[in-house]
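This report refers to the structure that appears directly beneath it.
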Amino acid sequence: MRGKYFFYAILSSALLVLAFPKFSLNWVVWVALVPLLILIYELPPLKSFAFGYLAGFIFFGGLVYWLLVLTKSFGAFGFLAWFLLSILEALSFGFFALGGSIFAKHSGRWQRLFLIPALWVSLEFLRSVGFWGFPWGVLGYSQQPNAVILQTTKLVGVFGLSYLILLINLVTVEIFLSWKKSTAFSFNSEEKDFLLRIIFITALVLSLTIGFGCYSLIYPKPHLVSIKVAVVQPNIPQAEKWSSEKVKNIKELHYELTVDALKAKPYLIVWPETAVPVFLLKSNSYLEKLKELCFKNKVYLLIGSFHEERGNLHNSAFLLSPEGKIVKRYDKLYPVPFGEYIPLKPIFGWVGETLGFGEDVLRGKEPTIFSTNKGKFSVSICFESTNSILINRFTANGAQMLVAITNDAWFEKTAAARQHLEMTAVQAAQNGFWAVQSANTGISALIDSNGRVLKETELDSKGVLVGEVSFVKPRTLYASPGEVFPLICLVVSAVGLLLICVSKVKGNG
């Protein structure tokens, strides 16, 4: 019997991996959790936790397999990064199975249709927020290629889409279990009434979702103004990026690609994260050369570069204006733990010393908005573009477009770049603005306000991507309050568990 549940856990996790890049079978996610949910319905809470944790470890281990590429640079620490992240993120699956089992056994059939999806969303949200937040594997992100369904994020965000996915999986389980208990498809009147109701409600929800998606795509929002943008993709391998012998060549390559981009007469040129291995403000002759280029060609240039201020190191983005001046700088707000800084140094300081890490990258102070004479945009650096709360702060501060600059060269030709791009595209959809992504080795892209990737570069290629994008005033329902839906789910699931606990205590009393 135990073998059956091992199979259920492995099957669900394998199907979930297939729903995301590298495989991108996004339709699978609508039934992927059925085996795990059946397991949760049948097993007691603690056993459900164990099998749920197993499913979570397999899923996250398969999803972020690209972390194992770091073994080339950091040896066993690369494996350790993959392993520790997988076992940590798997806890969300374990706690979901634990709570889901409690709801399945101690709440009514109608109540659990709302409580179990709310619990899933709550755990997705909790593991995605804060400086340790890791939103990879949020189910809603799997639907980026499905433009019609993706428009739901304009109403309830990516976590709302996860709720819908869980609901469909759960309804499928309820129908399956009812059929399993029936005799030759013969149901009593109460069972028949329940099934007809949930099938009708599910069909209605899906119809409204598809209808809204079609409406959003057919009647897009009017844009403020269109501009031509050129994205520079230098394709510098990570092994060469910080080589002192390559500094001159890297600087010249970026300059040459920018000169090439000017042939298209763009309004804005975008370089990737930490484009050149120098402190921009300390490289006077190179900076003056770039300023002169902007002035002569009347173009804005966004440059990713490290910046040192008062002894503090920042991962930053600088905007040069057509007047040849630096108009504003954004310092990254969410440096990557163990990638850009060592957290809890009394405990983990030895990791940085062993790997020879340099100075920590410190957090910036505010979500900067860059203003041009045609519109305003915000900049996310590296994995910040996957942070829904941060991107929503940009929207609230007046951003009319998102520019994401990144360097995914660490992970070579794995699915990391595609996963990253699709998450950036979901941010564009739920906030209702266009996005531009500039990546060192790819994938660079232009994304419309419906989350569709209109143009993109090949991974591991060098060149310039040119196209039209627009400034838009985001007015999606999601964009105004931000992440309200997952907070509601958090309250609902917490109250549900509390009421069950109180009921059990009273019953025992």
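We name chains A, B, ... following the order of the structure tokens; residues begin at 1 in each chain, and ligands are numbered from 1 as shown.
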Using only C-alpha atoms, which protein or nucleic acid residues come within 12 Å of Leu390 (chain A)? Drop anything in the same chain fewer than 3 positions from it, and give the result as a short mmCIF file (atom, residue, chain, number, x, y, z; two decimals) with C-alpha atoms, in the first residue's frame.
data_model
loop_
_atom_site.label_atom_id
_atom_site.label_comp_id
_atom_site.auth_asym_id
_atom_site.auth_seq_id
_atom_site.Cartn_x
_atom_site.Cartn_y
_atom_site.Cartn_z
CA SER A 128 8.04 33.94 -2.20
CA VAL A 129 8.30 37.04 0.00
CA GLY A 130 11.13 38.69 1.89
CA PHE A 131 14.84 38.71 1.23
CA GLY A 133 11.88 34.71 -1.07
CA LYS A 332 19.41 46.74 -6.32
CA LEU A 333 17.01 46.21 -3.43
CA TYR A 334 17.18 42.42 -3.22
CA GLU A 366 14.20 52.84 -2.58
CA PRO A 367 12.38 51.57 -5.70
CA THR A 368 13.69 54.17 -8.15
CA SER A 378 11.50 51.09 -13.45
CA VAL A 379 14.51 48.76 -13.49
CA SER A 380 14.76 45.33 -11.89
CA ILE A 381 18.17 43.71 -11.59
CA PHE A 383 16.01 37.87 -10.15
CA GLU A 384 14.20 40.98 -8.87
CA SER A 385 11.94 40.72 -11.92
CA THR A 386 10.40 37.59 -10.34
CA ASN A 387 9.44 39.49 -7.17
CA ARG A 393 5.89 48.89 -5.68
CA PHE A 394 7.36 50.19 -8.93
CA THR A 395 3.85 50.35 -10.40
CA ALA A 396 2.52 52.19 -7.36
CA ASN A 397 5.34 54.74 -7.71
CA ALA A 399 6.32 53.13 -13.49
CA LEU A 402 9.61 47.61 -16.72
CA GLN A 427 4.92 40.58 -14.12
CA ASN A 431 0.67 44.97 -13.89
CA ALA A 479 -1.96 46.65 -9.85
CA GLY A 482 -1.12 44.54 -5.13
CA GLU A 483 -0.95 41.19 -3.36
#
query: What's the 8 Å shell around region 284-294 of chain A, counting only C-alpha atoms, without same-chain residues fewer than 2 positions away, as an NGL selection string?
result: :A and (255 or 280-282 or 296-301 or 320-325)
query: Which of region 80-309 of chain A counts as strand (DSSP E) under DSSP, as a ChimeraX atom specification please?
result: /A:225-233,268-270,300-309
Could you take the residues named above and write them with N, CA and C atoms, as a short mmCIF file (atom, residue, chain, number, x, y, z; two decimals), in the first residue's frame?
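See selection-v5.cif below for the written result:
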data_model
loop_
_atom_site.label_atom_id
_atom_site.label_comp_id
_atom_site.auth_asym_id
_atom_site.auth_seq_id
_atom_site.Cartn_x
_atom_site.Cartn_y
_atom_site.Cartn_z
N VAL A 225 2.61 56.23 -25.29
CA VAL A 225 3.46 56.57 -26.43
C VAL A 225 4.39 55.39 -26.71
N SER A 226 4.67 55.16 -27.98
CA SER A 226 5.59 54.08 -28.36
C SER A 226 6.99 54.63 -28.56
N ILE A 227 7.97 53.82 -28.23
CA ILE A 227 9.37 54.18 -28.45
C ILE A 227 10.09 52.99 -29.07
N LYS A 228 11.19 53.28 -29.72
CA LYS A 228 12.04 52.21 -30.25
C LYS A 228 13.15 51.95 -29.24
N VAL A 229 13.32 50.69 -28.89
CA VAL A 229 14.34 50.31 -27.92
C VAL A 229 15.31 49.33 -28.56
N ALA A 230 16.58 49.41 -28.17
CA ALA A 230 17.61 48.47 -28.64
C ALA A 230 18.24 47.81 -27.43
N VAL A 231 18.24 46.50 -27.42
CA VAL A 231 18.78 45.72 -26.29
C VAL A 231 20.11 45.10 -26.71
N VAL A 232 21.14 45.38 -25.94
CA VAL A 232 22.47 44.86 -26.22
C VAL A 232 22.68 43.54 -25.49
N GLN A 233 23.06 42.51 -26.21
CA GLN A 233 23.35 41.19 -25.62
C GLN A 233 24.77 40.79 -26.00
N LEU A 268 15.91 54.43 -26.69
CA LEU A 268 16.55 53.90 -25.48
C LEU A 268 17.37 52.68 -25.84
N ILE A 269 18.61 52.63 -25.32
CA ILE A 269 19.47 51.45 -25.46
C ILE A 269 19.69 50.87 -24.08
N VAL A 270 19.60 49.55 -23.96
CA VAL A 270 19.70 48.89 -22.66
C VAL A 270 20.84 47.89 -22.66
N TYR A 300 18.89 57.76 -24.96
CA TYR A 300 19.05 57.34 -23.57
C TYR A 300 19.82 56.01 -23.56
N LEU A 301 20.68 55.84 -22.57
CA LEU A 301 21.45 54.61 -22.42
C LEU A 301 21.37 54.14 -20.97
N LEU A 302 20.84 52.93 -20.76
CA LEU A 302 20.75 52.34 -19.42
C LEU A 302 21.89 51.34 -19.27
N ILE A 303 22.69 51.52 -18.23
CA ILE A 303 23.90 50.72 -18.04
C ILE A 303 23.86 50.01 -16.69
N GLY A 304 24.06 48.71 -16.70
CA GLY A 304 24.22 47.96 -15.45
C GLY A 304 25.67 47.97 -15.04
N SER A 305 25.94 48.34 -13.78
CA SER A 305 27.33 48.43 -13.31
C SER A 305 27.38 48.35 -11.79
N PHE A 306 28.49 47.87 -11.27
CA PHE A 306 28.71 47.97 -9.84
C PHE A 306 29.01 49.43 -9.49
N HIS A 307 28.65 49.78 -8.27
CA HIS A 307 28.84 51.15 -7.81
C HIS A 307 29.30 51.12 -6.36
N GLU A 308 30.30 51.92 -6.04
CA GLU A 308 30.81 51.99 -4.67
C GLU A 308 30.57 53.39 -4.12
N GLU A 309 29.93 53.42 -2.96
CA GLU A 309 29.63 54.71 -2.33
C GLU A 309 29.88 54.62 -0.84
#
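The residue that comes closest to Ile391 (chain A), out of A:Ser493, A:Gln430, A:Gln437, A:Thr372 and on the basis of only C-alpha atoms, is A:Gln430.
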task: May I have the residues within 12 Å of Gly463 (chain A) as a PyMOL selection string, using only C-alpha atoms and disregarding those fewer than 2 positions away in the same chain?
output: chain A and resi 230-236+253-254+256-261+271+438-444+456-461+465-466
Could the residues in this selection be written to a file with N, CA and C atoms, as a compact mmCIF listing (two decimals), in the first residue's frame?
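Written out: again35.txt:
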# COMPACT_ATOMS: atom_id res chain seq x y z
N ALA A 230 16.58 49.41 -28.17
CA ALA A 230 17.61 48.47 -28.64
C ALA A 230 18.24 47.81 -27.43
N VAL A 231 18.24 46.50 -27.42
CA VAL A 231 18.78 45.72 -26.29
C VAL A 231 20.11 45.10 -26.71
N VAL A 232 21.14 45.38 -25.94
CA VAL A 232 22.47 44.86 -26.22
C VAL A 232 22.68 43.54 -25.49
N GLN A 233 23.06 42.51 -26.21
CA GLN A 233 23.35 41.19 -25.62
C GLN A 233 24.77 40.79 -26.00
N PRO A 234 25.75 41.03 -25.11
CA PRO A 234 27.16 40.81 -25.47
C PRO A 234 27.60 39.35 -25.46
N ASN A 235 26.88 38.49 -24.70
CA ASN A 235 27.19 37.06 -24.63
C ASN A 235 28.60 36.79 -24.14
N ILE A 236 28.88 37.27 -22.94
CA ILE A 236 30.20 37.07 -22.33
C ILE A 236 30.11 35.90 -21.35
N LEU A 253 33.55 45.75 -26.67
CA LEU A 253 32.43 45.00 -27.25
C LEU A 253 31.11 45.72 -27.00
N HIS A 254 30.89 46.17 -25.77
CA HIS A 254 29.65 46.88 -25.46
C HIS A 254 29.54 48.17 -26.27
N GLU A 256 30.93 48.81 -29.19
CA GLU A 256 30.72 48.48 -30.61
C GLU A 256 29.27 48.04 -30.86
N LEU A 257 28.72 47.25 -29.96
CA LEU A 257 27.33 46.82 -30.12
C LEU A 257 26.37 48.01 -30.00
N THR A 258 26.73 48.96 -29.14
CA THR A 258 25.91 50.16 -28.98
C THR A 258 25.95 51.01 -30.25
N VAL A 259 27.12 51.15 -30.82
CA VAL A 259 27.25 51.89 -32.09
C VAL A 259 26.42 51.20 -33.18
N ASP A 260 26.45 49.88 -33.19
CA ASP A 260 25.65 49.12 -34.15
C ASP A 260 24.16 49.35 -33.91
N ALA A 261 23.75 49.40 -32.63
CA ALA A 261 22.35 49.62 -32.28
C ALA A 261 21.86 50.99 -32.73
N TRP A 271 21.72 48.03 -21.67
CA TRP A 271 22.78 47.05 -21.43
C TRP A 271 22.35 46.11 -20.30
N SER A 438 17.01 42.63 -20.82
CA SER A 438 18.36 42.59 -21.39
C SER A 438 19.20 41.63 -20.57
N ALA A 439 19.65 40.55 -21.21
CA ALA A 439 20.42 39.52 -20.52
C ALA A 439 21.78 39.33 -21.19
N ASN A 440 22.80 39.18 -20.42
CA ASN A 440 24.16 39.06 -20.93
C ASN A 440 24.28 37.99 -22.01
N THR A 441 23.88 36.77 -21.68
CA THR A 441 23.97 35.66 -22.63
C THR A 441 22.60 35.25 -23.17
N GLY A 442 21.56 36.01 -22.81
CA GLY A 442 20.19 35.70 -23.22
C GLY A 442 19.43 35.08 -22.05
N ILE A 443 18.14 35.09 -22.14
CA ILE A 443 17.34 35.46 -23.29
C ILE A 443 16.90 36.92 -23.09
N SER A 444 17.24 37.79 -24.06
CA SER A 444 16.74 39.16 -24.07
C SER A 444 15.42 39.17 -24.84
N GLU A 456 12.49 37.94 -29.19
CA GLU A 456 13.50 37.46 -28.26
C GLU A 456 14.75 37.03 -28.99
N THR A 457 15.85 36.99 -28.26
CA THR A 457 17.13 36.54 -28.81
C THR A 457 17.32 35.06 -28.53
N GLU A 458 18.26 34.47 -29.23
CA GLU A 458 18.66 33.09 -28.93
C GLU A 458 19.55 33.09 -27.70
N LEU A 459 19.43 32.04 -26.91
CA LEU A 459 20.30 31.86 -25.77
C LEU A 459 21.72 31.59 -26.26
N ASP A 460 22.70 32.19 -25.57
CA ASP A 460 24.11 32.01 -25.92
C ASP A 460 24.41 32.57 -27.32
N SER A 461 23.95 33.80 -27.55
CA SER A 461 24.22 34.46 -28.83
C SER A 461 24.56 35.93 -28.58
N LEU A 465 18.94 43.45 -30.15
CA LEU A 465 17.51 43.24 -30.39
C LEU A 465 16.83 44.60 -30.46
N VAL A 466 16.13 44.87 -31.54
CA VAL A 466 15.49 46.18 -31.74
C VAL A 466 13.99 45.99 -31.96
Pick from A:Leu119, A:Ala104, A:Ala317, A:Leu25, whichever lies nearest to Glu42 (chain A) using only C-alpha atoms: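 Smallest separation from Glu42 (chain A) among the options: A:Ala104.
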message: Which residues are near region 47-58 of chain A? Cut-off 6 Å, only C-alpha atoms, ignore same chain within fewer than 3 positions. Put them as an MDAnalysis selection string.
response: chainID A and resid 9:10 13 40 43:44 61 86:87 90:91 93:94 97:98
Neighbour list for region 208-218 of chain A as a ChimeraX atom specification, cut-off 10 Å, only C-alpha atoms, skip fewer than 5 positions in-chain: /A:146-155,161,164,202-203,449-450
With N, CA and C atoms retained, export the selected residues as a compact mmCIF listing (two decimals), in the first residue's frame.
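See again23.txt below for the written result:
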# COMPACT_ATOMS: atom_id res chain seq x y z
N ASN A 146 0.31 30.54 -22.19
CA ASN A 146 -1.13 30.49 -22.47
C ASN A 146 -1.70 31.90 -22.29
N ALA A 147 -1.66 32.70 -23.36
CA ALA A 147 -1.99 34.12 -23.27
C ALA A 147 -3.40 34.37 -22.76
N VAL A 148 -4.35 33.53 -23.15
CA VAL A 148 -5.74 33.74 -22.75
C VAL A 148 -5.89 33.56 -21.24
N ILE A 149 -5.41 32.46 -20.71
CA ILE A 149 -5.51 32.18 -19.28
C ILE A 149 -4.68 33.18 -18.48
N LEU A 150 -3.55 33.60 -19.02
CA LEU A 150 -2.64 34.50 -18.31
C LEU A 150 -3.30 35.82 -17.93
N GLN A 151 -4.29 36.26 -18.70
CA GLN A 151 -4.92 37.55 -18.42
C GLN A 151 -5.63 37.57 -17.07
N THR A 152 -5.90 36.40 -16.51
CA THR A 152 -6.49 36.34 -15.17
C THR A 152 -5.63 37.05 -14.15
N THR A 153 -4.32 37.09 -14.38
CA THR A 153 -3.42 37.74 -13.43
C THR A 153 -3.69 39.24 -13.34
N LYS A 154 -4.33 39.82 -14.35
CA LYS A 154 -4.69 41.24 -14.28
C LYS A 154 -5.71 41.50 -13.17
N LEU A 155 -6.45 40.48 -12.80
CA LEU A 155 -7.47 40.60 -11.76
C LEU A 155 -6.95 40.19 -10.39
N LEU A 161 -4.06 32.94 -10.04
CA LEU A 161 -4.04 31.90 -11.08
C LEU A 161 -3.67 30.55 -10.47
N LEU A 164 -6.78 29.09 -8.97
CA LEU A 164 -7.64 28.49 -9.99
C LEU A 164 -7.14 27.12 -10.40
N THR A 202 -17.44 25.15 -11.79
CA THR A 202 -16.13 25.08 -12.45
C THR A 202 -16.23 25.53 -13.91
N ALA A 203 -17.25 25.07 -14.60
CA ALA A 203 -17.43 25.46 -16.00
C ALA A 203 -17.66 26.97 -16.11
N SER A 449 2.05 44.30 -22.86
CA SER A 449 1.34 44.45 -21.59
C SER A 449 0.40 43.30 -21.29
N ASN A 450 0.26 42.35 -22.21
CA ASN A 450 -0.51 41.13 -21.96
C ASN A 450 0.38 39.94 -21.63
message: Write out as number ranges by chain the set of residues from region 205-354 of chain A that DSSP, computed on the backbone, places in alpha helix (DSSP H).
response: A: 205-218, 238-241, 247-261, 284-297, 345-354
- request: Could you please determine the separation between CA of Ala435 (chain A) and CA of Leu224 (chain A) in Å, to one decimal place?
  value: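 Atom-to-atom, CA of Ala435 (chain A) to CA of Leu224 (chain A), that is 14.4 Å.
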Contacts of Cys489 (chain A) within 7 Å, only C-alpha atoms, excl. fewer than 6 positions in-chain, as a ChimeraX atom specification: /A:118-119,121-122
- request: Considering only C-alpha atoms, state which residue in the set A:Val472, A:Ile168, A:Val505, A:Val276 is at the smallest distance from Val247 (chain A).
  value: A:Val276
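Here the question is which of A:Val31, A:Leu362, A:Ala415, A:Ala425 gets nearest to His314 (chain A) using only C-alpha atoms, and that residue is A:Leu362.
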query: With only C-alpha atoms as the atoms that count, which of A:Leu313, A:Ile405, A:His223, A:Ala76 lies nearest to Phe433 (chain A)?
result: A:His223
query: If you measure from CA of Val171 (chain A) to CA of Phe194 (chain A), what distance in Å do you get, rounded to one decimal?
result: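 Value for the CA of Val171 (chain A)-CA of Phe194 (chain A) distance: 10.9 Å.
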- prompt: Quick one: of A:Val158, A:Leu123, A:Ile447, A:Ile102, who's nearest to Cys501 (chain A), counting only C-alpha atoms?
  reply: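 The shortest atom-to-atom distance to Cys501 (chain A) comes from A:Ile102.
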